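Structure data (TSV, C-alpha atoms) from protein_31.tsv:
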```tsv
chain	number	residue	atom	x	y	z
J	714	MET	CA	0.00	0.00	0.00
J	715	VAL	CA	1.34	3.45	-0.97
J	716	ARG	CA	0.69	6.12	1.61
J	717	GLU	CA	0.66	9.75	0.47
J	718	ILE	CA	3.02	11.90	2.50
J	719	LYS	CA	1.75	15.42	3.04
J	720	PRO	CA	4.15	18.36	2.76
J	721	HIS	CA	5.72	19.53	5.99
J	722	GLY	CA	6.05	23.28	5.80
J	723	PRO	CA	7.11	25.09	2.61
J	724	LEU	CA	8.53	22.95	-0.20
J	725	PRO	CA	11.07	24.18	-2.79
J	726	SER	CA	9.76	25.25	-6.17
J	727	GLN	CA	11.15	23.74	-9.36
J	728	ALA	CA	13.16	26.92	-9.88
J	729	GLN	CA	14.69	26.62	-6.40
J	730	LEU	CA	15.60	22.97	-6.97
J	731	ALA	CA	17.23	23.87	-10.28
J	732	TYR	CA	19.16	26.63	-8.47
J	733	LEU	CA	20.67	24.10	-6.06
J	734	GLU	CA	21.64	21.82	-8.93
J	735	ASP	CA	23.35	24.60	-10.91
J	736	GLU	CA	26.33	24.60	-8.51
J	737	LEU	CA	28.36	27.20	-10.44
J	738	ALA	CA	27.19	30.73	-11.21
J	739	ALA	CA	29.40	33.65	-12.28
J	740	PHE	CA	28.89	37.13	-10.87
J	741	ILE	CA	30.22	39.87	-13.15
J	742	HIS	CA	30.77	43.25	-11.50
J	743	PHE	CA	32.26	45.41	-14.25
J	744	GLY	CA	31.77	49.16	-14.46
J	745	PRO	CA	33.32	52.49	-13.40
J	746	ASN	CA	34.68	50.82	-10.25
J	747	THR	CA	36.83	48.63	-12.49
J	748	PHE	CA	38.61	51.70	-13.82
J	749	TYR	CA	38.89	53.32	-10.39
J	750	ASP	CA	40.22	50.08	-8.84
J	751	GLN	CA	37.61	50.07	-6.06
J	752	GLU	CA	34.79	47.85	-4.86
J	753	TRP	CA	32.20	50.52	-4.06
J	754	GLY	CA	31.82	53.81	-5.86
J	755	THR	CA	30.58	57.10	-4.45
J	756	GLY	CA	28.30	58.05	-7.32
J	757	GLN	CA	30.71	60.80	-8.38
J	758	GLU	CA	32.81	58.70	-10.75
J	759	ASP	CA	33.37	60.26	-14.17
J	760	PRO	CA	31.58	58.36	-16.98
J	761	GLU	CA	34.47	59.36	-19.26
J	762	ARG	CA	36.62	56.84	-17.39
J	763	PHE	CA	34.39	53.97	-18.51
J	764	ASN	CA	35.90	53.09	-21.87
J	765	PRO	CA	36.92	49.42	-22.23
J	766	THR	CA	38.79	48.90	-25.48
J	767	ARG	CA	38.79	45.10	-25.74
J	768	LEU	CA	35.53	44.09	-24.09
J	769	ASP	CA	34.22	40.83	-25.59
J	770	ALA	CA	31.05	39.48	-23.95
J	771	LEU	CA	31.12	36.42	-26.21
J	772	GLU	CA	34.52	35.54	-24.80
J	773	TRP	CA	33.23	35.94	-21.24
J	774	VAL	CA	30.33	33.57	-21.79
J	775	ARG	CA	32.29	31.07	-23.91
J	776	VAL	CA	34.94	30.67	-21.19
J	777	LEU	CA	32.28	30.34	-18.48
J	778	LYS	CA	30.42	27.72	-20.51
J	779	GLU	CA	33.62	25.76	-21.17
J	780	THR	CA	34.46	25.70	-17.46
J	781	GLY	CA	31.07	24.42	-16.32
J	782	PHE	CA	29.20	27.53	-15.21
J	783	LYS	CA	25.43	27.32	-15.57
J	784	LYS	CA	24.48	30.95	-14.96
J	785	LEU	CA	25.83	34.49	-15.34
J	786	ILE	CA	24.64	37.35	-13.12
J	787	LEU	CA	25.50	40.80	-14.46
J	788	VAL	CA	25.63	43.88	-12.23
J	789	VAL	CA	23.89	46.50	-14.37
J	790	LYS	CA	23.79	49.09	-11.57
J	791	HIS	CA	25.88	48.95	-8.41
J	792	HIS	CA	25.64	51.35	-5.46
J	793	ASP	CA	27.33	54.16	-7.42
J	794	GLY	CA	24.22	54.41	-9.62
J	795	PHE	CA	25.99	54.12	-13.00
J	796	VAL	CA	23.83	52.07	-15.39
J	797	LEU	CA	25.39	49.71	-17.94
J	798	TYR	CA	22.61	49.98	-20.51
J	799	PRO	CA	21.16	53.15	-22.11
J	800	THR	CA	18.31	53.62	-19.67
J	801	ALA	CA	15.74	56.30	-20.41
J	802	HIS	CA	15.53	57.27	-16.73
J	803	THR	CA	18.95	58.79	-15.96
J	804	ASP	CA	21.84	60.31	-17.87
J	805	TYR	CA	24.33	58.59	-15.55
J	806	SER	CA	24.86	55.59	-17.79
J	807	VAL	CA	26.90	54.24	-20.68
J	808	LYS	CA	25.27	56.95	-22.81
J	809	ALA	CA	27.55	59.47	-21.08
J	810	SER	CA	30.69	57.43	-21.69
J	811	PRO	CA	32.96	57.33	-24.75
J	812	TRP	CA	32.58	53.53	-24.95
J	813	ARG	CA	31.10	52.56	-28.34
J	814	ASN	CA	30.81	56.31	-28.98
J	815	GLY	CA	28.04	56.57	-26.39
J	816	GLU	CA	26.01	53.92	-28.21
J	817	GLY	CA	27.08	50.96	-26.07
J	818	ASP	CA	24.81	48.59	-24.17
J	819	LEU	CA	26.65	46.05	-22.03
J	820	LEU	CA	23.41	44.39	-20.92
J	821	LEU	CA	22.51	43.80	-24.56
J	822	GLU	CA	25.95	42.44	-25.47
J	823	VAL	CA	25.96	40.00	-22.57
J	824	SER	CA	22.35	39.03	-23.31
J	825	GLN	CA	23.23	38.23	-26.92
J	826	ALA	CA	26.16	36.13	-25.75
J	827	VAL	CA	24.18	34.09	-23.19
J	828	THR	CA	21.47	33.55	-25.81
J	829	GLU	CA	24.04	32.26	-28.30
J	830	PHE	CA	25.55	29.87	-25.73
J	831	ASP	CA	22.19	29.14	-24.07
J	832	MET	CA	23.24	30.09	-20.55
J	833	ASP	CA	20.86	31.25	-17.82
J	834	MET	CA	21.18	34.92	-16.93
J	835	GLY	CA	20.51	36.98	-13.85
J	836	VAL	CA	20.63	40.73	-13.29
J	837	TYR	CA	21.74	42.76	-10.26
J	838	LEU	CA	20.09	46.17	-9.80
J	839	SER	CA	21.15	47.92	-6.59
J	840	PRO	CA	18.33	49.57	-4.62
J	841	TRP	CA	20.83	51.97	-3.07
J	842	ASP	CA	21.87	54.66	-5.55
J	843	ALA	CA	24.53	57.08	-4.34
J	844	HIS	CA	24.26	59.22	-7.49
J	845	SER	CA	20.54	59.77	-7.90
J	846	PRO	CA	19.13	63.02	-6.42
J	847	LEU	CA	15.89	61.09	-5.91
J	848	TYR	CA	17.55	58.90	-3.28
J	849	HIS	CA	16.37	60.87	-0.25
J	850	VAL	CA	13.84	60.21	2.51
J	851	ASN	CA	11.87	63.23	1.31
J	852	ARG	CA	11.61	61.76	-2.19
J	853	GLU	CA	10.99	58.09	-1.43
J	854	ALA	CA	8.00	57.78	-3.75
J	855	ASP	CA	9.94	59.30	-6.65
J	856	TYR	CA	12.93	57.04	-6.06
J	857	ASN	CA	10.84	53.88	-5.74
J	858	ALA	CA	9.12	54.77	-9.02
J	859	TYR	CA	12.52	55.32	-10.64
J	860	TYR	CA	13.76	51.91	-9.51
J	861	LEU	CA	10.54	50.24	-10.62
J	862	ALA	CA	10.80	51.88	-14.05
J	863	GLN	CA	14.27	50.41	-14.53
J	864	LEU	CA	13.10	46.96	-13.45
J	865	LYS	CA	10.36	47.13	-16.08
J	866	GLU	CA	12.79	48.49	-18.67
J	867	ILE	CA	15.08	45.48	-18.19
J	868	LEU	CA	12.66	42.64	-17.57
J	869	SER	CA	10.16	43.52	-20.31
J	870	ASN	CA	12.74	43.90	-23.08
J	871	PRO	CA	12.83	40.74	-25.26
J	872	ALA	CA	16.39	41.57	-26.29
J	873	TYR	CA	17.66	41.23	-22.71
J	874	GLY	CA	18.35	38.00	-20.84
J	875	ASN	CA	18.55	34.61	-22.53
J	876	ALA	CA	16.10	35.15	-25.39
J	877	GLY	CA	14.15	37.53	-23.15
J	878	LYS	CA	14.19	35.36	-20.03
J	879	PHE	CA	15.90	36.10	-16.73
J	880	ALA	CA	16.47	33.31	-14.22
J	881	GLU	CA	17.35	35.58	-11.30
J	882	VAL	CA	17.06	39.17	-10.04
J	883	TRP	CA	19.44	40.43	-7.35
J	884	MET	CA	18.48	43.46	-5.32
J	885	ASP	CA	20.95	43.25	-2.44
J	886	GLY	CA	20.39	45.26	0.72
J	887	ALA	CA	23.66	47.08	1.28
J	888	ARG	CA	23.52	50.73	2.19
J	889	GLY	CA	26.68	52.67	3.00
J	890	GLU	CA	27.36	54.57	6.18
J	891	GLY	CA	25.65	57.95	6.13
J	892	ALA	CA	23.31	57.03	3.25
J	893	GLN	CA	19.69	58.18	3.36
J	894	LYS	CA	17.46	55.49	4.92
J	895	VAL	CA	15.03	55.33	2.04
J	896	ASN	CA	12.24	52.78	2.49
J	897	TYR	CA	11.95	50.42	-0.46
J	898	GLU	CA	8.65	49.25	-1.95
J	899	PHE	CA	9.78	45.64	-2.10
J	900	GLU	CA	6.35	44.07	-2.52
J	901	LYS	CA	5.55	46.20	-5.56
J	902	TRP	CA	8.96	45.35	-7.05
J	903	PHE	CA	8.50	41.63	-6.37
J	904	GLU	CA	5.05	41.67	-7.95
J	905	THR	CA	6.47	43.32	-11.07
J	906	ILE	CA	9.24	40.73	-11.35
J	907	ARG	CA	6.75	37.88	-11.07
J	908	GLU	CA	4.46	39.49	-13.66
J	909	LEU	CA	7.24	40.00	-16.18
J	910	GLN	CA	9.44	36.97	-15.54
J	911	ASP	CA	7.14	34.36	-14.01
J	912	ASP	CA	9.26	31.93	-11.93
J	913	CYS	CA	12.36	34.14	-11.82
J	914	LEU	CA	14.24	33.78	-8.51
J	915	ILE	CA	14.67	36.89	-6.33
J	916	PHE	CA	17.54	37.68	-3.97
J	917	SER	CA	17.01	40.45	-1.42
J	918	THR	CA	17.11	41.14	2.30
J	919	GLU	CA	13.44	40.17	2.49
J	920	GLY	CA	12.00	36.66	2.67
J	921	THR	CA	12.45	35.89	-1.02
J	922	SER	CA	13.08	32.72	-3.02
J	923	ILE	CA	16.86	32.69	-2.47
J	924	ARG	CA	18.67	34.22	0.44
J	925	TRP	CA	21.93	35.53	1.84
J	926	ILE	CA	23.82	33.16	4.18
J	927	GLY	CA	24.82	36.00	6.51
J	928	ASN	CA	28.44	36.60	5.52
J	929	GLU	CA	30.67	37.26	2.53
J	930	ARG	CA	33.58	35.10	3.65
J	931	GLY	CA	32.91	32.39	1.09
J	932	TYR	CA	31.45	29.68	3.33
J	933	ALA	CA	28.13	28.92	4.97
J	934	GLY	CA	27.36	28.19	8.61
J	935	ASP	CA	27.17	24.64	9.91
J	936	PRO	CA	24.48	23.48	10.07
J	937	LEU	CA	22.67	25.62	7.51
J	938	TRP	CA	18.97	25.10	6.90
J	939	GLN	CA	17.59	26.74	3.80
J	940	LYS	CA	14.28	27.85	5.32
J	941	VAL	CA	14.02	31.07	7.30
J	942	ASN	CA	11.19	32.81	9.11
J	943	PRO	CA	10.72	36.24	7.48
J	944	ASP	CA	9.60	37.65	10.83
J	945	LYS	CA	13.12	37.12	12.19
J	946	LEU	CA	14.78	39.14	9.44
J	947	GLY	CA	15.77	42.71	10.26
J	948	THR	CA	16.38	41.98	13.94
J	949	GLU	CA	19.63	42.28	15.91
J	950	ALA	CA	20.01	38.50	15.77
J	951	GLU	CA	19.59	38.46	11.98
J	952	LEU	CA	23.18	37.69	10.98
J	953	ASP	CA	23.54	34.73	13.31
J	954	TYR	CA	20.11	33.47	12.27
J	955	LEU	CA	20.96	33.72	8.56
J	956	GLN	CA	24.12	31.65	9.07
J	957	HIS	CA	22.07	28.71	10.33
J	958	GLY	CA	18.44	29.13	9.24
```
Structure encoded using structure tokens:
Amino acid sequence: MVREIKPHGPLPSQAQLAYLEDELAAFIHFGPNTFYDQEWGTGQEDPERFNPTRLDALEWVRVLKETGFKKLILVVKHHDGFVLYPTAHTDYSVKASPWRNGEGDLLLEVSQAVTEFDMDMGVYLSPWDAHSPLYHVNREADYNAYYLAQLKEILSNPAYGNAGKFAEVWMDGARGEGAQKVNYEFEKWFETIRELQDDCLIFSTEGTSIRWIGNERGYAGDPLWQKVNPDKLGTEAELDYLQHG
């Protein structure tokens, strides 16, 4: 006799199971910081400095594919606010750089490469923007609308991602010392991602489909359970909790 076993608590989705089986994903953080030799920018970096002369996205993806990577996550906007595609919502982007004579679009070039090699693609769009004048507690609604507009711009464009599909969206939660404590409209952003990209995985500081393990040292806690209680996030005990689940 076969007895049906009922689920105990939340079960992983197919997308989450596939994520665990991927094993290797590449994270590409390439932008003004590359040319300033720094990890975090201030938002005051000169777009004129962004001018790679031998950039070859096909080479990036070919090498990753050959070495067993299953996914590429591209940082299209880090905390400095510089955008690596010609967004319609700010002038602080590749449009203001001499790269490709101001006609460049790194998101498009990487998207075309992952489509050619059939590799999953994710995109990182930082909620914190040290450059935007909208990033202020007195202009929260305007900034949240700005961020949402860029999400839509990326995720609804059939030329971006692997043949228009993104497997992952990274939001991150970092905010530098002294930065305005702008409240983010996460739920509206999440809803938009699900509408435009269906089962796309989301990484953020909230209780989303994939999560941070509580450190950036390159290893997880032991033991580490994947499930977390969203109510425990944002508390003083958060980091320790994230390292064990």
Nearest to J:Tyr805 among J:Arg907, J:His844, J:Arg767, J:His742, with distances taken over all atoms listed in the file: which residue is it?
-> J:His844
J:Leu861 surroundings by all atoms listed in the file, 10 Å radius, close-in-sequence under 6 positions cut, as a PyMOL selection string = chain J and resi 840+855+898-899+901-903+905-906
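Atom pair atom CA of J:Ser810 / atom CA of J:Phe763: separated by 6.0 Å.
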Residues at most 12 Å from J:Asp759, counting all atoms listed in the file, excluding those fewer than 3 positions away in the same chain, as a ChimeraX atom specification?
-> /J:744-746,748-749,754-756,762-764,793-795,805-807,809-811,844
Residue neighbourhood J:Ile926, 10 Å, all atoms listed in the file, exclusion window fewer than 5 positions, as a PDB file with C-alpha atoms, in the frame of the given file:
```pdb
ATOM      1  CA  GLY J 931      32.910  32.390   1.090  1.00  0.00           C
ATOM      2  CA  TYR J 932      31.450  29.680   3.330  1.00  0.00           C
ATOM      3  CA  ALA J 933      28.130  28.920   4.970  1.00  0.00           C
ATOM      4  CA  GLY J 934      27.360  28.190   8.610  1.00  0.00           C
ATOM      5  CA  LEU J 937      22.670  25.620   7.510  1.00  0.00           C
ATOM      6  CA  TRP J 938      18.970  25.100   6.900  1.00  0.00           C
ATOM      7  CA  GLN J 939      17.590  26.740   3.800  1.00  0.00           C
ATOM      8  CA  LEU J 952      23.180  37.690  10.980  1.00  0.00           C
ATOM      9  CA  ASP J 953      23.540  34.730  13.310  1.00  0.00           C
ATOM     10  CA  TYR J 954      20.110  33.470  12.270  1.00  0.00           C
ATOM     11  CA  LEU J 955      20.960  33.720   8.560  1.00  0.00           C
ATOM     12  CA  GLN J 956      24.120  31.650   9.070  1.00  0.00           C
ATOM     13  CA  HIS J 957      22.070  28.710  10.330  1.00  0.00           C
ATOM     14  CA  GLY J 958      18.440  29.130   9.240  1.00  0.00           C
TER      15      GLY J 958
END
```
Atom CA of J:Ser922 to atom CA of J:Asn896: how many Å, to one decimal?
-> 20.8 Å
Which residue of J:Ala843, J:Val823, J:Val789, J:Leu909 approaches J:Met884 most closely, using only C-alpha atoms |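 That would be J:Val789, the residue with the smallest distance to J:Met884.
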Could you name the residues that touch stretch 734-740 of chain J at 12 Å or less, counting all atoms listed in the file, but leaving out those on the same chain fewer than 2 positions away, as a JSON list (two decimals) with C-alpha atoms, keeping the file's coordinate frame?
```json
[["chain", "number", "residue", "atom", "x", "y", "z"],
["J", 727, "GLN", "CA", 11.15, 23.74, -9.36],
["J", 728, "ALA", "CA", 13.16, 26.92, -9.88],
["J", 729, "GLN", "CA", 14.69, 26.62, -6.40],
["J", 730, "LEU", "CA", 15.60, 22.97, -6.97],
["J", 731, "ALA", "CA", 17.23, 23.87, -10.28],
["J", 732, "TYR", "CA", 19.16, 26.63, -8.47],
["J", 742, "HIS", "CA", 30.77, 43.25, -11.50],
["J", 743, "PHE", "CA", 32.26, 45.41, -14.25],
["J", 773, "TRP", "CA", 33.23, 35.94, -21.24],
["J", 774, "VAL", "CA", 30.33, 33.57, -21.79],
["J", 776, "VAL", "CA", 34.94, 30.67, -21.19],
["J", 777, "LEU", "CA", 32.28, 30.34, -18.48],
["J", 778, "LYS", "CA", 30.42, 27.72, -20.51],
["J", 780, "THR", "CA", 34.46, 25.70, -17.46],
["J", 781, "GLY", "CA", 31.07, 24.42, -16.32],
["J", 782, "PHE", "CA", 29.20, 27.53, -15.21],
["J", 783, "LYS", "CA", 25.43, 27.32, -15.57],
["J", 784, "LYS", "CA", 24.48, 30.95, -14.96],
["J", 785, "LEU", "CA", 25.83, 34.49, -15.34],
["J", 786, "ILE", "CA", 24.64, 37.35, -13.12],
["J", 787, "LEU", "CA", 25.50, 40.80, -14.46],
["J", 788, "VAL", "CA", 25.63, 43.88, -12.23],
["J", 789, "VAL", "CA", 23.89, 46.50, -14.37],
["J", 832, "MET", "CA", 23.24, 30.09, -20.55],
["J", 833, "ASP", "CA", 20.86, 31.25, -17.82],
["J", 834, "MET", "CA", 21.18, 34.92, -16.93],
["J", 835, "GLY", "CA", 20.51, 36.98, -13.85],
["J", 836, "VAL", "CA", 20.63, 40.73, -13.29],
["J", 837, "TYR", "CA", 21.74, 42.76, -10.26],
["J", 880, "ALA", "CA", 16.47, 33.31, -14.22],
["J", 881, "GLU", "CA", 17.35, 35.58, -11.30],
["J", 883, "TRP", "CA", 19.44, 40.43, -7.35]]
```
Pick from J:Ile867, J:Trp841, J:Pro760, J:Ala862: nearest to J:Gly815, with all atoms listed in the file counted?
->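 With all atoms listed in the file as the atom set, the closest residue is J:Pro760.
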